Amino acid sequence: MATRKTKAKSNTSPEELKAFYKDMLLIRRFEEKAGQLYGMGLIGGFCHLYIGQEAVVVGLEAAAKDGDKRITSYRDHGHMLACGMDPNGVMAELTGRIGGYSKGKGGSMHMFSKEKHFYGGHGIVGAQVPLGAGLAFADKYKGNDNVTFAYFGDGAANQGQIYETFNMAALWQLPVIFVIENNQYAMGTAQNRSTSTPDLYTRGAAFGITGEIVDGMDVLAVKAASETATAHCRAGKGPYILEVKTYRYRGHSMSDPAKYRTREEVQKMREERDPIEHVRTMLLQGKHATEEALKDIDKEIKAIVSASADFAKESPEPDLSELWTDIYATQDA
């Protein structure tokens, strides 16, 4: 099957555009607050922020329906918020509190929501991809038209298990969308120093998997590509690859000073390609919102994020007895 590039834009109403703006702004403000809490010592371990990549998951979720599944790597807070998980529960989990989605035992990198069909951030690079194929296999077996979004980064794209999964997904025609969030740096290594192919989506051609490259700083372009990919999978045509070109403004994690790129490079992206400012400009120029209305949205989002931080601080740490729960699953005969 062919691979292709697209610059297609999805038809989007002013109401949808405002919703995208709110969703992306929620992710941005939430991550900024998470960074603050990390600096205060309230978040331990690793913490990988999604700032700059908001249009990717918001655009993809725009084409999802109830029953669709998503699984991703450790840069996962944005995915949780985009699929409708409660900011209070997410922030409480980041801070290791009992009110978190994994009772404070998963932290930033490992939380789940069965209700929202979110099957986790995963700390082992690339390990979530075969699990995503497994989720898609379950839907194929059940005969429904659900799809699974399996996210991974440009660094993980060099892992061998990715290609074993491509092979199985193509062979069994699984309804899985492989989303390569190409933020151009695998930890501190630029893509052109670690990857032999300039476009990662073309690697699916060897397995007969259709794919395309998408501007991940444009939420409408991502939405359009997501609609194409989900229609492909729901029609029983097998897997699809979306390489979404995006950019993270912060380091790989909170402990990364990001000295492998210049401040000028990051600033240029912020000024010229910011996904939230792009939508903000469309709302204003299209006269779909006023400056005052957008300021009110920002106040509303900041209040939600502030409340999530308060909830996390007030939620107690897990009792020591929680060490022995959620370890084994049992099934009645």
# chains A, B, ... in the order shown; residues from 1 in each chain; ligands from 1
call {"tool": "closest_atom_pairs", "arguments": {"of": "range 9-38 of chain A", "to": "range 77-90 of chain A", "cutoff": "10 Å", "atoms": "only C-alpha atoms", "output": "JSON lines"}}
result
{"residue": "A:Phe20", "atom": "CA", "partner": "A:Ala82", "partner_atom": "CA", "distance": 9.7}
{"residue": "A:Asp23", "atom": "CA", "partner": "A:Ala82", "partner_atom": "CA", "distance": 6.6}
{"residue": "A:Met24", "atom": "CA", "partner": "A:Ala82", "partner_atom": "CA", "distance": 8.1}
{"residue": "A:Leu26", "atom": "CA", "partner": "A:Leu81", "partner_atom": "CA", "distance": 7.9}
{"residue": "A:Ile27", "atom": "CA", "partner": "A:Gly78", "partner_atom": "CA", "distance": 5.5}
{"residue": "A:Arg28", "atom": "CA", "partner": "A:Gly78", "partner_atom": "CA", "distance": 8.3}
{"residue": "A:Phe30", "atom": "CA", "partner": "A:Pro87", "partner_atom": "CA", "distance": 8.0}
{"residue": "A:Glu31", "atom": "CA", "partner": "A:His77", "partner_atom": "CA", "distance": 7.7}
{"residue": "A:Ala34", "atom": "CA", "partner": "A:His77", "partner_atom": "CA", "distance": 9.6}
call {"tool": "residues_around", "arguments": {"residues": "Leu42 in chain A", "least_positions_apart": "4", "cutoff": "10 Å", "atoms": "only C-alpha atoms", "output": "ChimeraX atom specification"}}
result
/A:34-38,94-96,312-313
call {"tool": "residues_around", "arguments": {"residues": "Ala64 in chain A", "least_positions_apart": "3", "cutoff": "9 Å", "atoms": "only C-alpha atoms", "output": "compact mmCIF listing (two decimals) with C-alpha atoms, in the first residue's frame"}}
result
# COMPACT_ATOMS: atom_id res chain seq x y z
CA LEU A 60 -6.25 13.10 17.10
CA GLU A 61 -8.88 12.89 19.83
CA GLY A 67 -14.84 2.84 22.81
CA ASP A 68 -11.64 3.86 21.03
CA LYS A 69 -8.50 3.19 23.02
CA ASN A 146 -13.18 0.64 17.54
CA VAL A 147 -9.63 1.76 16.87
CA SER A 226 -6.94 11.56 12.17
CA GLU A 227 -10.25 11.43 10.34
CA THR A 230 -9.74 6.32 11.75
call {"tool": "closest_residue", "arguments": {"among": "A:Tyr21, A:Tyr249, A:Tyr328, A:Tyr50", "to": "Thr262 in chain A", "atoms": "only C-alpha atoms"}}
result
A:Tyr249
call {"tool": "residues_around", "arguments": {"residues": "Glu277 in chain A", "least_positions_apart": "4", "cutoff": "12 Å", "atoms": "only C-alpha atoms", "output": "compact mmCIF listing (two decimals) with N, CA and C atoms, in the first residue's frame"}}
result
# COMPACT_ATOMS: atom_id res chain seq x y z
N PHE A 20 -11.01 23.28 20.80
CA PHE A 20 -9.60 22.93 20.62
C PHE A 20 -8.71 23.89 21.40
N TYR A 21 -9.04 25.17 21.33
CA TYR A 21 -8.26 26.18 22.05
C TYR A 21 -8.28 25.90 23.55
N LYS A 22 -9.45 25.61 24.09
CA LYS A 22 -9.58 25.31 25.51
C LYS A 22 -8.80 24.05 25.89
N MET A 24 -6.24 22.60 24.36
CA MET A 24 -4.79 22.78 24.27
C MET A 24 -4.28 23.69 25.39
N LEU A 25 -5.07 24.71 25.71
CA LEU A 25 -4.66 25.63 26.78
C LEU A 25 -4.68 24.92 28.13
N ARG A 28 -1.47 23.01 28.30
CA ARG A 28 -0.34 23.93 28.49
C ARG A 28 -0.26 24.43 29.94
N GLY A 52 4.18 22.39 23.98
CA GLY A 52 4.55 22.54 22.58
C GLY A 52 3.89 21.51 21.68
N GLU A 54 0.78 20.15 22.11
CA GLU A 54 -0.65 20.04 22.45
C GLU A 54 -1.55 19.73 21.26
N ALA A 55 -1.21 20.24 20.08
CA ALA A 55 -2.08 20.06 18.91
C ALA A 55 -2.15 18.61 18.47
N MET A 217 1.98 20.96 14.49
CA MET A 217 1.79 22.25 15.14
C MET A 217 0.48 22.91 14.68
N ASP A 218 -0.27 22.19 13.86
CA ASP A 218 -1.53 22.69 13.32
C ASP A 218 -2.63 21.69 13.68
N VAL A 219 -3.46 22.04 14.64
CA VAL A 219 -4.47 21.11 15.15
C VAL A 219 -5.47 20.71 14.07
N MET A 269 10.51 28.66 17.26
CA MET A 269 9.32 27.81 17.21
C MET A 269 8.17 28.42 18.00
N ARG A 270 8.48 28.94 19.17
CA ARG A 270 7.45 29.56 20.00
C ARG A 270 6.79 30.74 19.29
N GLU A 271 7.60 31.56 18.65
CA GLU A 271 7.10 32.79 18.03
C GLU A 271 6.39 32.54 16.70
N GLU A 272 6.86 31.55 15.95
CA GLU A 272 6.34 31.35 14.60
C GLU A 272 5.41 30.15 14.43
N ARG A 273 5.50 29.15 15.33
CA ARG A 273 4.77 27.90 15.08
C ARG A 273 3.94 27.42 16.26
N THR A 281 -5.10 33.04 16.88
CA THR A 281 -5.13 33.97 15.75
C THR A 281 -6.33 33.70 14.85
N MET A 282 -6.62 32.43 14.59
CA MET A 282 -7.78 32.09 13.75
C MET A 282 -9.08 32.55 14.39
N LEU A 283 -9.19 32.40 15.70
CA LEU A 283 -10.40 32.83 16.40
C LEU A 283 -10.60 34.34 16.32
N LEU A 284 -9.50 35.06 16.49
CA LEU A 284 -9.58 36.52 16.47
C LEU A 284 -9.81 37.05 15.05
N GLN A 285 -9.04 36.55 14.09
CA GLN A 285 -9.18 37.04 12.72
C GLN A 285 -10.51 36.65 12.10
N LEU A 294 -11.19 35.48 25.16
CA LEU A 294 -10.06 34.56 25.27
C LEU A 294 -9.36 34.71 26.62
call {"tool": "select_by_dssp", "arguments": {"residues": "range 54-138 of chain A", "states": "alpha helix (DSSP H)", "output": "NGL selection string"}}
result
:A and (54-61 or 77-82 or 87-94 or 128-138)
call {"tool": "closest_atom_pairs", "arguments": {"of": "range 4-116 of chain A", "to": "range 254-258 of chain A", "cutoff": "9 Å", "atoms": "only C-alpha atoms", "output": "Markdown table"}}
result
| residue | atom | partner | partner_atom | distance |
| --- | --- | --- | --- | --- |
| A:Gly35 | CA | A:Met254 | CA | 7.4 |
| A:Tyr38 | CA | A:Met254 | CA | 7.9 |
| A:Gly39 | CA | A:Met254 | CA | 8.7 |
| A:Phe46 | CA | A:Met254 | CA | 7.1 |
| A:Cys47 | CA | A:Met254 | CA | 5.8 |
| A:His48 | CA | A:Met254 | CA | 6.3 |
| A:Leu49 | CA | A:Met254 | CA | 7.6 |
call {"tool": "closest_residue", "arguments": {"among": "A:Ala170, A:Ala19, A:Ile98, A:Met187", "to": "Pro318 in chain A", "atoms": "only C-alpha atoms"}}
result
A:Ile98
call {"tool": "residues_around", "arguments": {"residues": "Asp154 in chain A", "least_positions_apart": "5", "cutoff": "9 Å", "atoms": "only C-alpha atoms", "output": "PDB file with N, CA and C atoms, in the first residue's frame"}}
result
ATOM      1  N   ILE A 180       3.428   8.430  15.437  1.00  0.00           N
ATOM      2  CA  ILE A 180       4.810   8.785  15.758  1.00  0.00           C
ATOM      3  C   ILE A 180       4.836  10.267  16.109  1.00  0.00           C
ATOM      4  N   GLU A 181       4.968  10.573  17.380  1.00  0.00           N
ATOM      5  CA  GLU A 181       5.073  11.973  17.809  1.00  0.00           C
ATOM      6  C   GLU A 181       6.529  12.397  17.634  1.00  0.00           C
ATOM      7  N   ASN A 182       6.839  12.888  16.466  1.00  0.00           N
ATOM      8  CA  ASN A 182       8.216  13.239  16.133  1.00  0.00           C
ATOM      9  C   ASN A 182       8.513  14.667  16.588  1.00  0.00           C
ATOM     10  N   ASN A 183       9.024  14.790  17.826  1.00  0.00           N
ATOM     11  CA  ASN A 183       9.374  16.118  18.330  1.00  0.00           C
ATOM     12  C   ASN A 183      10.831  16.467  18.038  1.00  0.00           C
ATOM     13  N   GLN A 184      11.455  15.644  17.180  1.00  0.00           N
ATOM     14  CA  GLN A 184      12.756  15.914  16.558  1.00  0.00           C
ATOM     15  C   GLN A 184      13.976  15.643  17.432  1.00  0.00           C
ATOM     16  N   TYR A 185      13.739  15.300  18.706  1.00  0.00           N
ATOM     17  CA  TYR A 185      14.867  14.972  19.583  1.00  0.00           C
ATOM     18  C   TYR A 185      14.521  13.754  20.431  1.00  0.00           C
ATOM     19  N   ALA A 186      15.318  12.689  20.301  1.00  0.00           N
ATOM     20  CA  ALA A 186      15.177  11.512  21.146  1.00  0.00           C
ATOM     21  C   ALA A 186      16.070  11.732  22.359  1.00  0.00           C
ATOM     22  N   GLN A 191      17.042  13.866  15.341  1.00  0.00           N
ATOM     23  CA  GLN A 191      16.627  12.757  14.479  1.00  0.00           C
ATOM     24  C   GLN A 191      17.647  12.460  13.384  1.00  0.00           C
ATOM     25  N   THR A 195      18.692   8.468  12.860  1.00  0.00           N
ATOM     26  CA  THR A 195      17.731   7.781  12.004  1.00  0.00           C
ATOM     27  C   THR A 195      18.141   7.882  10.540  1.00  0.00           C
ATOM     28  N   LEU A 200       9.885   9.081   8.967  1.00  0.00           N
ATOM     29  CA  LEU A 200       9.723   7.815   9.686  1.00  0.00           C
ATOM     30  C   LEU A 200       8.503   7.024   9.242  1.00  0.00           C
ATOM     31  N   GLU A 243       2.877  10.063  11.072  1.00  0.00           N
ATOM     32  CA  GLU A 243       4.060  10.705  11.639  1.00  0.00           C
ATOM     33  C   GLU A 243       3.715  12.172  11.817  1.00  0.00           C
TER      34      GLU A 243
END
call {"tool": "atom_distance", "arguments": {"atom1": "CA of Val179 in chain A", "atom2": "CA of Gly216 in chain A"}}
result
11.0 Å
call {"tool": "closest_residue", "arguments": {"among": "A:Ile43, A:Ala136, A:Ala62, A:Val266", "to": "Ala225 in chain A", "atoms": "only C-alpha atoms"}}
result
A:Ala62
call {"tool": "closest_residue", "arguments": {"among": "A:Leu220, A:Ile51, A:Leu171, A:Ala157", "to": "Ala63 in chain A", "atoms": "only C-alpha atoms"}}
result
A:Leu220
call {"tool": "residues_around", "arguments": {"residues": "Cys233 in chain A", "least_positions_apart": "4", "cutoff": "9 Å", "atoms": "only C-alpha atoms", "output": "list in words"}}
result
Asp145, Asn146, Val147, Gln173, Leu174, Pro175, Val176, Ile177, Thr228, Ala229, Lys237, Gly238, Pro239 and Tyr240 of chain A
call {"tool": "write_last_selection", "arguments": {"atoms": "N, CA and C atoms", "output": "compact mmCIF listing (two decimals), in the first residue's frame"}}
result
# COMPACT_ATOMS: atom_id res chain seq x y z
N ASP A 145 -16.05 -1.71 15.60
CA ASP A 145 -15.29 -0.83 14.72
C ASP A 145 -14.42 0.15 15.51
N ASN A 146 -14.05 -0.21 16.73
CA ASN A 146 -13.18 0.64 17.54
C ASN A 146 -11.76 0.62 16.99
N VAL A 147 -11.04 1.70 17.26
CA VAL A 147 -9.63 1.76 16.87
C VAL A 147 -8.79 2.05 18.11
N GLN A 173 -4.37 -7.37 9.92
CA GLN A 173 -5.24 -6.25 9.58
C GLN A 173 -5.89 -5.64 10.84
N LEU A 174 -5.05 -5.29 11.79
CA LEU A 174 -5.54 -4.77 13.06
C LEU A 174 -5.91 -3.29 12.95
N PRO A 175 -6.98 -2.89 13.64
CA PRO A 175 -7.43 -1.49 13.60
C PRO A 175 -6.63 -0.61 14.57
N VAL A 176 -5.35 -0.42 14.27
CA VAL A 176 -4.48 0.36 15.14
C VAL A 176 -3.84 1.50 14.34
N ILE A 177 -3.85 2.68 14.92
CA ILE A 177 -3.17 3.83 14.33
C ILE A 177 -1.86 4.03 15.08
N THR A 228 -8.93 10.68 8.45
CA THR A 228 -8.55 9.74 7.39
C THR A 228 -8.11 8.40 7.98
N ALA A 229 -7.28 8.47 9.02
CA ALA A 229 -6.73 7.25 9.62
C ALA A 229 -7.81 6.42 10.30
N LYS A 237 -9.50 -1.95 6.94
CA LYS A 237 -8.36 -1.95 6.02
C LYS A 237 -7.02 -2.13 6.72
N GLY A 238 -7.05 -2.37 8.03
CA GLY A 238 -5.79 -2.62 8.75
C GLY A 238 -5.19 -1.37 9.35
N PRO A 239 -3.92 -1.44 9.74
CA PRO A 239 -3.28 -0.35 10.47
C PRO A 239 -2.95 0.85 9.59
N TYR A 240 -2.62 1.94 10.26
CA TYR A 240 -2.29 3.19 9.59
C TYR A 240 -1.18 3.87 10.40
call {"tool": "closest_residue", "arguments": {"among": "A:Gly204, A:Val58, A:Ser108, A:Asn192", "to": "Leu17 in chain A", "atoms": "only C-alpha atoms"}}
result
A:Val58
call {"tool": "closest_residue", "arguments": {"among": "A:Thr148, A:Ser308, A:Asn11, A:Thr246", "to": "His117 in chain A", "atoms": "only C-alpha atoms"}}
result
A:Thr148
